[in-house]
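Enquirer: Shown below is the structure under consideration.
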Amino acid sequence: MDLEEYFETGPDFERPIFEVICGHMQSIDPDIWFEPVSVGIFFKRRSRFLALRTMTRWIAVSFSLNRKLESGRLARKVVAHGKRYFHVVNVPTAEAIDDQLLEWLAEAWHDDQ
């Protein structure tokens, strides 16, 4: 599905969160590739390194790093997957996206080489 089709049925808070995150990722890699699918939007480089999944009151922003984060911001238990660690941060509004989260997402992009 295309991006406009994806956003037709989503909640109002979804698109602004996507725009902030996508804009940040495009500042790192102007050719960043993302795929809207029925369950969310997946960002890919070598593999899927970042996913935005819409929940009832927030977007679950999941990403993989080569290290395990220790932070109270993490919404779920960190899961090891091979040599990488899967992390999730719940983001209720675009204003909740801060430099720390954007740095983690940039690191996830970098780690996916």
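To be explicit about the labels: the chains of the structure tokens are called A, B, and onward in the order shown, and within each one the residues are counted from 1, while ligands get numbers from 1 in the order they are shown.
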Taking the DSSP secondary structure from the backbone, can you list the residues of chain A that are strand (DSSP E), as a VMD selection string?
Expert: chain A and resid 33 to 37 40 to 44 48 to 54 59 to 65 79 to 81 84 to 91
Enquirer: Skipping near chain neighbours, those fewer than 2 positions away, what residues fall within 10 Å of range 74-81 of chain A using only C-alpha atoms, listed as an NGL selection string?
Expert: :A and (60-62 or 64-72 or 83-91)
Enquirer: Emit the selected residues as a PDB file, in the first residue's frame, including N, CA, C and O atoms.
Expert:
ATOM      1  N   ALA A  60       4.115   2.404  18.853  1.00  0.00           N
ATOM      2  CA  ALA A  60       5.223   1.609  19.395  1.00  0.00           C
ATOM      3  C   ALA A  60       6.364   1.716  18.388  1.00  0.00           C
ATOM      4  O   ALA A  60       6.262   1.240  17.258  1.00  0.00           O
ATOM      5  N   VAL A  61       7.420   2.398  18.797  1.00  0.00           N
ATOM      6  CA  VAL A  61       8.596   2.581  17.950  1.00  0.00           C
ATOM      7  C   VAL A  61       9.595   1.507  18.357  1.00  0.00           C
ATOM      8  O   VAL A  61      10.138   1.539  19.460  1.00  0.00           O
ATOM      9  N   SER A  62       9.804   0.541  17.478  1.00  0.00           N
ATOM     10  CA  SER A  62      10.723  -0.552  17.799  1.00  0.00           C
ATOM     11  C   SER A  62      11.945  -0.461  16.904  1.00  0.00           C
ATOM     12  O   SER A  62      11.854  -0.094  15.734  1.00  0.00           O
ATOM     13  N   SER A  64      16.342  -2.017  16.529  1.00  0.00           N
ATOM     14  CA  SER A  64      17.371  -2.971  16.942  1.00  0.00           C
ATOM     15  C   SER A  64      18.718  -2.271  17.017  1.00  0.00           C
ATOM     16  O   SER A  64      19.070  -1.487  16.139  1.00  0.00           O
ATOM     17  N   LEU A  65      19.450  -2.595  18.073  1.00  0.00           N
ATOM     18  CA  LEU A  65      20.800  -2.058  18.269  1.00  0.00           C
ATOM     19  C   LEU A  65      21.777  -3.195  18.520  1.00  0.00           C
ATOM     20  O   LEU A  65      21.373  -4.294  18.910  1.00  0.00           O
ATOM     21  N   ASN A  66      23.049  -2.887  18.356  1.00  0.00           N
ATOM     22  CA  ASN A  66      24.090  -3.873  18.663  1.00  0.00           C
ATOM     23  C   ASN A  66      24.396  -3.932  20.155  1.00  0.00           C
ATOM     24  O   ASN A  66      25.258  -4.692  20.575  1.00  0.00           O
ATOM     25  N   ARG A  67      23.705  -3.140  20.924  1.00  0.00           N
ATOM     26  CA  ARG A  67      23.899  -3.112  22.385  1.00  0.00           C
ATOM     27  C   ARG A  67      22.538  -3.076  23.058  1.00  0.00           C
ATOM     28  O   ARG A  67      21.530  -2.698  22.455  1.00  0.00           O
ATOM     29  N   LYS A  68      22.524  -3.440  24.309  1.00  0.00           N
ATOM     30  CA  LYS A  68      21.291  -3.430  25.103  1.00  0.00           C
ATOM     31  C   LYS A  68      21.191  -2.115  25.857  1.00  0.00           C
ATOM     32  O   LYS A  68      22.097  -1.762  26.621  1.00  0.00           O
ATOM     33  N   LEU A  69      20.110  -1.385  25.620  1.00  0.00           N
ATOM     34  CA  LEU A  69      19.881  -0.140  26.345  1.00  0.00           C
ATOM     35  C   LEU A  69      19.333  -0.428  27.730  1.00  0.00           C
ATOM     36  O   LEU A  69      18.580  -1.377  27.929  1.00  0.00           O
ATOM     37  N   GLU A  70      19.675   0.437  28.654  1.00  0.00           N
ATOM     38  CA  GLU A  70      19.088   0.439  29.995  1.00  0.00           C
ATOM     39  C   GLU A  70      18.433   1.796  30.146  1.00  0.00           C
ATOM     40  O   GLU A  70      19.116   2.806  30.273  1.00  0.00           O
ATOM     41  N   SER A  71      17.112   1.850  30.073  1.00  0.00           N
ATOM     42  CA  SER A  71      16.411   3.126  30.165  1.00  0.00           C
ATOM     43  C   SER A  71      14.984   2.901  30.647  1.00  0.00           C
ATOM     44  O   SER A  71      14.334   1.930  30.235  1.00  0.00           O
ATOM     45  N   GLY A  72      14.508   3.796  31.467  1.00  0.00           N
ATOM     46  CA  GLY A  72      13.128   3.749  31.917  1.00  0.00           C
ATOM     47  C   GLY A  72      12.134   4.067  30.809  1.00  0.00           C
ATOM     48  O   GLY A  72      10.940   3.867  30.972  1.00  0.00           O
ATOM     49  N   LYS A  83      22.918 -11.217  17.452  1.00  0.00           N
ATOM     50  CA  LYS A  83      23.887 -10.293  18.042  1.00  0.00           C
ATOM     51  C   LYS A  83      23.275  -8.915  18.304  1.00  0.00           C
ATOM     52  O   LYS A  83      23.960  -8.001  18.702  1.00  0.00           O
ATOM     53  N   ARG A  84      21.979  -8.783  18.073  1.00  0.00           N
ATOM     54  CA  ARG A  84      21.308  -7.493  18.234  1.00  0.00           C
ATOM     55  C   ARG A  84      20.270  -7.564  19.345  1.00  0.00           C
ATOM     56  O   ARG A  84      19.866  -8.642  19.763  1.00  0.00           O
ATOM     57  N   TYR A  85      19.835  -6.383  19.773  1.00  0.00           N
ATOM     58  CA  TYR A  85      18.844  -6.268  20.836  1.00  0.00           C
ATOM     59  C   TYR A  85      17.658  -5.452  20.333  1.00  0.00           C
ATOM     60  O   TYR A  85      17.840  -4.380  19.757  1.00  0.00           O
ATOM     61  N   PHE A  86      16.467  -5.965  20.579  1.00  0.00           N
ATOM     62  CA  PHE A  86      15.218  -5.364  20.125  1.00  0.00           C
ATOM     63  C   PHE A  86      14.649  -4.492  21.242  1.00  0.00           C
ATOM     64  O   PHE A  86      14.457  -4.968  22.362  1.00  0.00           O
ATOM     65  N   HIS A  87      14.394  -3.212  20.949  1.00  0.00           N
ATOM     66  CA  HIS A  87      13.911  -2.237  21.925  1.00  0.00           C
ATOM     67  C   HIS A  87      12.596  -1.628  21.456  1.00  0.00           C
ATOM     68  O   HIS A  87      12.373  -1.492  20.257  1.00  0.00           O
ATOM     69  N   VAL A  88      11.747  -1.199  22.390  1.00  0.00           N
ATOM     70  CA  VAL A  88      10.482  -0.543  22.056  1.00  0.00           C
ATOM     71  C   VAL A  88      10.282   0.664  22.970  1.00  0.00           C
ATOM     72  O   VAL A  88      10.428   0.555  24.185  1.00  0.00           O
ATOM     73  N   VAL A  89       9.944   1.795  22.345  1.00  0.00           N
ATOM     74  CA  VAL A  89       9.582   3.010  23.068  1.00  0.00           C
ATOM     75  C   VAL A  89       8.187   3.407  22.589  1.00  0.00           C
ATOM     76  O   VAL A  89       7.948   3.499  21.384  1.00  0.00           O
ATOM     77  N   ASN A  90       7.265   3.634  23.520  1.00  0.00           N
ATOM     78  CA  ASN A  90       5.924   4.087  23.155  1.00  0.00           C
ATOM     79  C   ASN A  90       5.927   5.606  23.026  1.00  0.00           C
ATOM     80  O   ASN A  90       6.367   6.309  23.937  1.00  0.00           O
ATOM     81  N   VAL A  91       5.420   6.087  21.894  1.00  0.00           N
ATOM     82  CA  VAL A  91       5.413   7.522  21.606  1.00  0.00           C
ATOM     83  C   VAL A  91       3.965   7.969  21.388  1.00  0.00           C
ATOM     84  O   VAL A  91       3.361   7.635  20.374  1.00  0.00           O
TER      85      VAL A  91
END
Enquirer: Could you check the closest approach to Gly23 in chain A for each of A:Asp112, A:Met1, A:Glu8, A:Ala106 and tell me which residue wins, using only C-alpha atoms?
Expert: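 For Gly23 in chain A, the nearest of the given residues is A:Ala106.
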Enquirer: I'd like the neighbourhood of Thr54 in chain A as a ChimeraX atom specification, where a residue qualifies if any of its atoms comes within 8 Å (using only C-alpha atoms), though same-chain residues fewer than 6 positions away should be ignored.
Expert: /A:10,14,39-40,60
Enquirer: So that I can check the surroundings of Ile21 in chain A, please list as a CSV table (one decimal) with N, CA, C and O atoms, in the first residue's frame every protein, DNA and RNA residue that reaches within 9 Å of it, counting only C-alpha atoms and ignoring chain neighbours fewer than 4 positions away.
Expert:
chain,number,residue,atom,x,y,z
A,16,PRO,N,1.8,12.7,12.3
A,16,PRO,CA,2.9,13.6,12.8
A,16,PRO,C,4.1,12.9,13.4
A,16,PRO,O,5.2,13.3,13.2
A,17,ILE,N,3.9,11.8,14.1
A,17,ILE,CA,5.0,11.0,14.6
A,17,ILE,C,5.8,10.4,13.5
A,17,ILE,O,7.0,10.5,13.5
A,25,MET,N,15.3,10.4,9.8
A,25,MET,CA,16.0,9.4,9.1
A,25,MET,C,16.4,9.8,7.7
A,25,MET,O,17.5,9.5,7.2
A,26,GLN,N,15.6,10.7,7.0
A,26,GLN,CA,16.0,11.2,5.7
A,26,GLN,C,17.2,12.2,5.8
A,26,GLN,O,17.9,12.3,4.9
A,94,ALA,N,3.9,13.5,18.6
A,94,ALA,CA,5.2,13.9,17.9
A,94,ALA,C,6.1,14.7,18.9
A,94,ALA,O,7.3,14.6,18.8
A,97,ILE,N,8.9,13.0,21.0
A,97,ILE,CA,10.1,12.6,20.3
A,97,ILE,C,11.2,13.5,20.7
A,97,ILE,O,11.1,14.7,20.4
A,102,LEU,N,15.9,10.0,18.9
A,102,LEU,CA,16.4,10.2,17.5
A,102,LEU,C,17.8,9.7,17.4
A,102,LEU,O,18.2,9.1,16.4
A,105,LEU,N,17.6,5.9,17.1
A,105,LEU,CA,17.2,5.5,15.8
A,105,LEU,C,18.3,5.7,14.8
A,105,LEU,O,18.4,4.8,13.9
Enquirer: Using only C-alpha atoms, determine which residues lie at most 9 Å from Pro36 in chain A, disregarding the query and same-chain residues fewer than 5 positions distant; provide the list as a list in words.
Expert: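 Counting only the stated atoms, we get Met1, Asp2, Leu3, Glu5, Tyr6, Ile41, Phe42 and Phe43 of chain A.
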Enquirer: Those same residues - all heavy atoms - I'd like them written as a PDB file, in the first residue's frame.
Expert:
ATOM      1  N   MET A   1       0.842  -1.181   0.000  1.00  0.00           N
ATOM      2  CA  MET A   1       0.000   0.000   0.000  1.00  0.00           C
ATOM      3  C   MET A   1       0.881   1.235   0.000  1.00  0.00           C
ATOM      4  O   MET A   1       2.018   1.191   0.457  1.00  0.00           O
ATOM      5  CB  MET A   1      -0.959  -0.050   1.194  1.00  0.00           C
ATOM      6  CG  MET A   1      -0.414   0.403   2.517  1.00  0.00           C
ATOM      7  SD  MET A   1      -1.561   0.404   3.936  1.00  0.00           S
ATOM      8  CE  MET A   1      -2.422  -1.114   3.808  1.00  0.00           C
ATOM      9  N   ASP A   2       0.350   2.340  -0.509  1.00  0.00           N
ATOM     10  CA  ASP A   2       1.144   3.562  -0.482  1.00  0.00           C
ATOM     11  C   ASP A   2       0.877   4.317   0.826  1.00  0.00           C
ATOM     12  O   ASP A   2      -0.016   3.970   1.594  1.00  0.00           O
ATOM     13  CB  ASP A   2       0.899   4.423  -1.720  1.00  0.00           C
ATOM     14  CG  ASP A   2      -0.477   5.064  -1.776  1.00  0.00           C
ATOM     15  OD1 ASP A   2      -1.123   5.232  -0.721  1.00  0.00           O
ATOM     16  OD2 ASP A   2      -0.912   5.414  -2.885  1.00  0.00           O
ATOM     17  N   LEU A   3       1.661   5.341   1.051  1.00  0.00           N
ATOM     18  CA  LEU A   3       1.627   6.061   2.321  1.00  0.00           C
ATOM     19  C   LEU A   3       0.268   6.730   2.565  1.00  0.00           C
ATOM     20  O   LEU A   3      -0.263   6.672   3.676  1.00  0.00           O
ATOM     21  CB  LEU A   3       2.748   7.094   2.342  1.00  0.00           C
ATOM     22  CG  LEU A   3       3.196   7.619   3.675  1.00  0.00           C
ATOM     23  CD1 LEU A   3       3.563   6.502   4.630  1.00  0.00           C
ATOM     24  CD2 LEU A   3       4.362   8.568   3.495  1.00  0.00           C
ATOM     25  N   GLU A   5      -2.643   5.896   1.397  1.00  0.00           N
ATOM     26  CA  GLU A   5      -3.613   4.835   1.678  1.00  0.00           C
ATOM     27  C   GLU A   5      -3.458   4.342   3.121  1.00  0.00           C
ATOM     28  O   GLU A   5      -4.438   4.113   3.824  1.00  0.00           O
ATOM     29  CB  GLU A   5      -3.372   3.698   0.688  1.00  0.00           C
ATOM     30  CG  GLU A   5      -4.378   2.606   0.688  1.00  0.00           C
ATOM     31  CD  GLU A   5      -4.074   1.552  -0.372  1.00  0.00           C
ATOM     32  OE1 GLU A   5      -2.935   1.496  -0.890  1.00  0.00           O
ATOM     33  OE2 GLU A   5      -4.987   0.772  -0.650  1.00  0.00           O
ATOM     34  N   TYR A   6      -2.218   4.209   3.574  1.00  0.00           N
ATOM     35  CA  TYR A   6      -1.949   3.761   4.934  1.00  0.00           C
ATOM     36  C   TYR A   6      -2.564   4.715   5.960  1.00  0.00           C
ATOM     37  O   TYR A   6      -3.188   4.294   6.934  1.00  0.00           O
ATOM     38  CB  TYR A   6      -0.440   3.631   5.163  1.00  0.00           C
ATOM     39  CG  TYR A   6      -0.098   3.255   6.574  1.00  0.00           C
ATOM     40  CD1 TYR A   6      -0.148   1.928   6.985  1.00  0.00           C
ATOM     41  CD2 TYR A   6       0.223   4.220   7.516  1.00  0.00           C
ATOM     42  CE1 TYR A   6       0.129   1.574   8.298  1.00  0.00           C
ATOM     43  CE2 TYR A   6       0.509   3.877   8.832  1.00  0.00           C
ATOM     44  CZ  TYR A   6       0.456   2.555   9.214  1.00  0.00           C
ATOM     45  OH  TYR A   6       0.724   2.209  10.514  1.00  0.00           O
ATOM     46  N   ILE A  41       4.615   0.766   9.713  1.00  0.00           N
ATOM     47  CA  ILE A  41       5.562   1.235   8.699  1.00  0.00           C
ATOM     48  C   ILE A  41       6.933   0.720   9.083  1.00  0.00           C
ATOM     49  O   ILE A  41       7.407   0.963  10.203  1.00  0.00           O
ATOM     50  CB  ILE A  41       5.562   2.772   8.609  1.00  0.00           C
ATOM     51  CG1 ILE A  41       4.160   3.269   8.237  1.00  0.00           C
ATOM     52  CG2 ILE A  41       6.595   3.239   7.587  1.00  0.00           C
ATOM     53  CD1 ILE A  41       4.004   4.770   8.245  1.00  0.00           C
ATOM     54  N   PHE A  42       7.566   0.006   8.167  1.00  0.00           N
ATOM     55  CA  PHE A  42       8.882  -0.584   8.405  1.00  0.00           C
ATOM     56  C   PHE A  42       9.946   0.210   7.652  1.00  0.00           C
ATOM     57  O   PHE A  42       9.791   0.484   6.465  1.00  0.00           O
ATOM     58  CB  PHE A  42       8.927  -2.034   7.931  1.00  0.00           C
ATOM     59  CG  PHE A  42       7.960  -2.938   8.633  1.00  0.00           C
ATOM     60  CD1 PHE A  42       7.503  -4.076   8.008  1.00  0.00           C
ATOM     61  CD2 PHE A  42       7.505  -2.676   9.911  1.00  0.00           C
ATOM     62  CE1 PHE A  42       6.612  -4.938   8.636  1.00  0.00           C
ATOM     63  CE2 PHE A  42       6.615  -3.526  10.556  1.00  0.00           C
ATOM     64  CZ  PHE A  42       6.173  -4.656   9.914  1.00  0.00           C
ATOM     65  N   PHE A  43      11.005   0.565   8.350  1.00  0.00           N
ATOM     66  CA  PHE A  43      12.160   1.218   7.743  1.00  0.00           C
ATOM     67  C   PHE A  43      13.229   0.149   7.550  1.00  0.00           C
ATOM     68  O   PHE A  43      13.509  -0.627   8.469  1.00  0.00           O
ATOM     69  CB  PHE A  43      12.697   2.323   8.654  1.00  0.00           C
ATOM     70  CG  PHE A  43      11.837   3.547   8.687  1.00  0.00           C
ATOM     71  CD1 PHE A  43      10.651   3.574   9.408  1.00  0.00           C
ATOM     72  CD2 PHE A  43      12.211   4.684   7.994  1.00  0.00           C
ATOM     73  CE1 PHE A  43       9.855   4.705   9.438  1.00  0.00           C
ATOM     74  CE2 PHE A  43      11.422   5.826   8.018  1.00  0.00           C
ATOM     75  CZ  PHE A  43      10.239   5.832   8.742  1.00  0.00           C
TER      76      PHE A  43
END
Enquirer: Could you pull out the helix (DSSP H, G or I) residues of range 58-107 of chain A from DSSP and send them as a PyMOL selection string?
Expert: chain A and resi 94-96+99-107
Enquirer: Export N, CA, C and O atoms of the chosen residues as an mmCIF file, in the first residue's frame?
Expert:
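The result, written out as selection.cif:
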data_model
loop_
_atom_site.group_PDB
_atom_site.id
_atom_site.type_symbol
_atom_site.label_atom_id
_atom_site.label_comp_id
_atom_site.auth_asym_id
_atom_site.auth_seq_id
_atom_site.Cartn_x
_atom_site.Cartn_y
_atom_site.Cartn_z
ATOM 1 N N ALA A 94 3.948 13.503 18.586
ATOM 2 C CA ALA A 94 5.204 13.908 17.936
ATOM 3 C C ALA A 94 6.070 14.722 18.898
ATOM 4 O O ALA A 94 7.301 14.643 18.845
ATOM 5 N N GLU A 95 5.440 15.470 19.795
ATOM 6 C CA GLU A 95 6.188 16.286 20.757
ATOM 7 C C GLU A 95 6.969 15.433 21.754
ATOM 8 O O GLU A 95 7.906 15.929 22.387
ATOM 9 N N ALA A 96 6.612 14.183 21.895
ATOM 10 C CA ALA A 96 7.310 13.284 22.827
ATOM 11 C C ALA A 96 8.614 12.749 22.239
ATOM 12 O O ALA A 96 9.392 12.109 22.944
ATOM 13 N N ASP A 99 15.696 14.245 21.392
ATOM 14 C CA ASP A 99 17.008 13.959 20.801
ATOM 15 C C ASP A 99 17.510 12.570 21.163
ATOM 16 O O ASP A 99 18.151 11.911 20.342
ATOM 17 N N GLN A 100 17.242 12.114 22.375
ATOM 18 C CA GLN A 100 17.719 10.795 22.785
ATOM 19 C C GLN A 100 17.124 9.705 21.905
ATOM 20 O O GLN A 100 17.844 8.841 21.410
ATOM 21 N N LEU A 101 15.802 9.730 21.700
ATOM 22 C CA LEU A 101 15.174 8.728 20.843
ATOM 23 C C LEU A 101 15.710 8.828 19.423
ATOM 24 O O LEU A 101 16.022 7.811 18.804
ATOM 25 N N LEU A 102 15.852 10.029 18.901
ATOM 26 C CA LEU A 102 16.372 10.190 17.537
ATOM 27 C C LEU A 102 17.802 9.663 17.422
ATOM 28 O O LEU A 102 18.169 9.068 16.405
ATOM 29 N N GLU A 103 18.607 9.840 18.468
ATOM 30 C CA GLU A 103 19.970 9.289 18.468
ATOM 31 C C GLU A 103 19.938 7.763 18.445
ATOM 32 O O GLU A 103 20.728 7.129 17.744
ATOM 33 N N TRP A 104 19.029 7.157 19.206
ATOM 34 C CA TRP A 104 18.908 5.696 19.189
ATOM 35 C C TRP A 104 18.505 5.208 17.800
ATOM 36 O O TRP A 104 19.013 4.198 17.320
ATOM 37 N N LEU A 105 17.589 5.928 17.136
ATOM 38 C CA LEU A 105 17.155 5.515 15.804
ATOM 39 C C LEU A 105 18.283 5.667 14.789
ATOM 40 O O LEU A 105 18.442 4.818 13.904
ATOM 41 N N ALA A 106 19.074 6.723 14.919
ATOM 42 C CA ALA A 106 20.236 6.881 14.044
ATOM 43 C C ALA A 106 21.244 5.757 14.280
ATOM 44 O O ALA A 106 21.826 5.211 13.338
ATOM 45 N N GLU A 107 21.416 5.377 15.524
ATOM 46 C CA GLU A 107 22.305 4.272 15.848
ATOM 47 C C GLU A 107 21.794 2.958 15.261
ATOM 48 O O GLU A 107 22.556 2.153 14.746
#
Enquirer: For CA of Arg57 in chain A and CA of Phe7 in chain A, quote the distance in Å rounded to one decimal.
Expert: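 Here the two named atoms are 15.6 Å from each other.
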Enquirer: Would you work out the distance separating CA of Ser38 in chain A from CA of Thr93 in chain A, expressed in Å to one decimal?
Expert: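 Here the two named atoms are 20.7 Å from each other.
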Enquirer: Find the residue from A:Thr56, A:Arg15, A:Cys22, A:Thr9 that sits nearest to Lys44 in chain A; use only C-alpha atoms when measuring.
Expert: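 Of A:Thr56, A:Arg15, A:Cys22, A:Thr9, the one nearest Lys44 in chain A, counting only C-alpha atoms, is A:Cys22.
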Enquirer: Go through A:Asp12, A:Asp111, A:Glu4, A:Asp98 one by one, measure the shortest atom-to-atom distance of each to Glu35 in chain A using only C-alpha atoms, and give the residue with the smallest value.
Expert: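 Of the candidates, the smallest distance to Glu35 in chain A is held by A:Glu4.
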Enquirer: Measure the distance from CA of Val20 in chain A to CA of Arg73 in chain A in Å and round it to one decimal.
Expert: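 The value is 18.4 Å.
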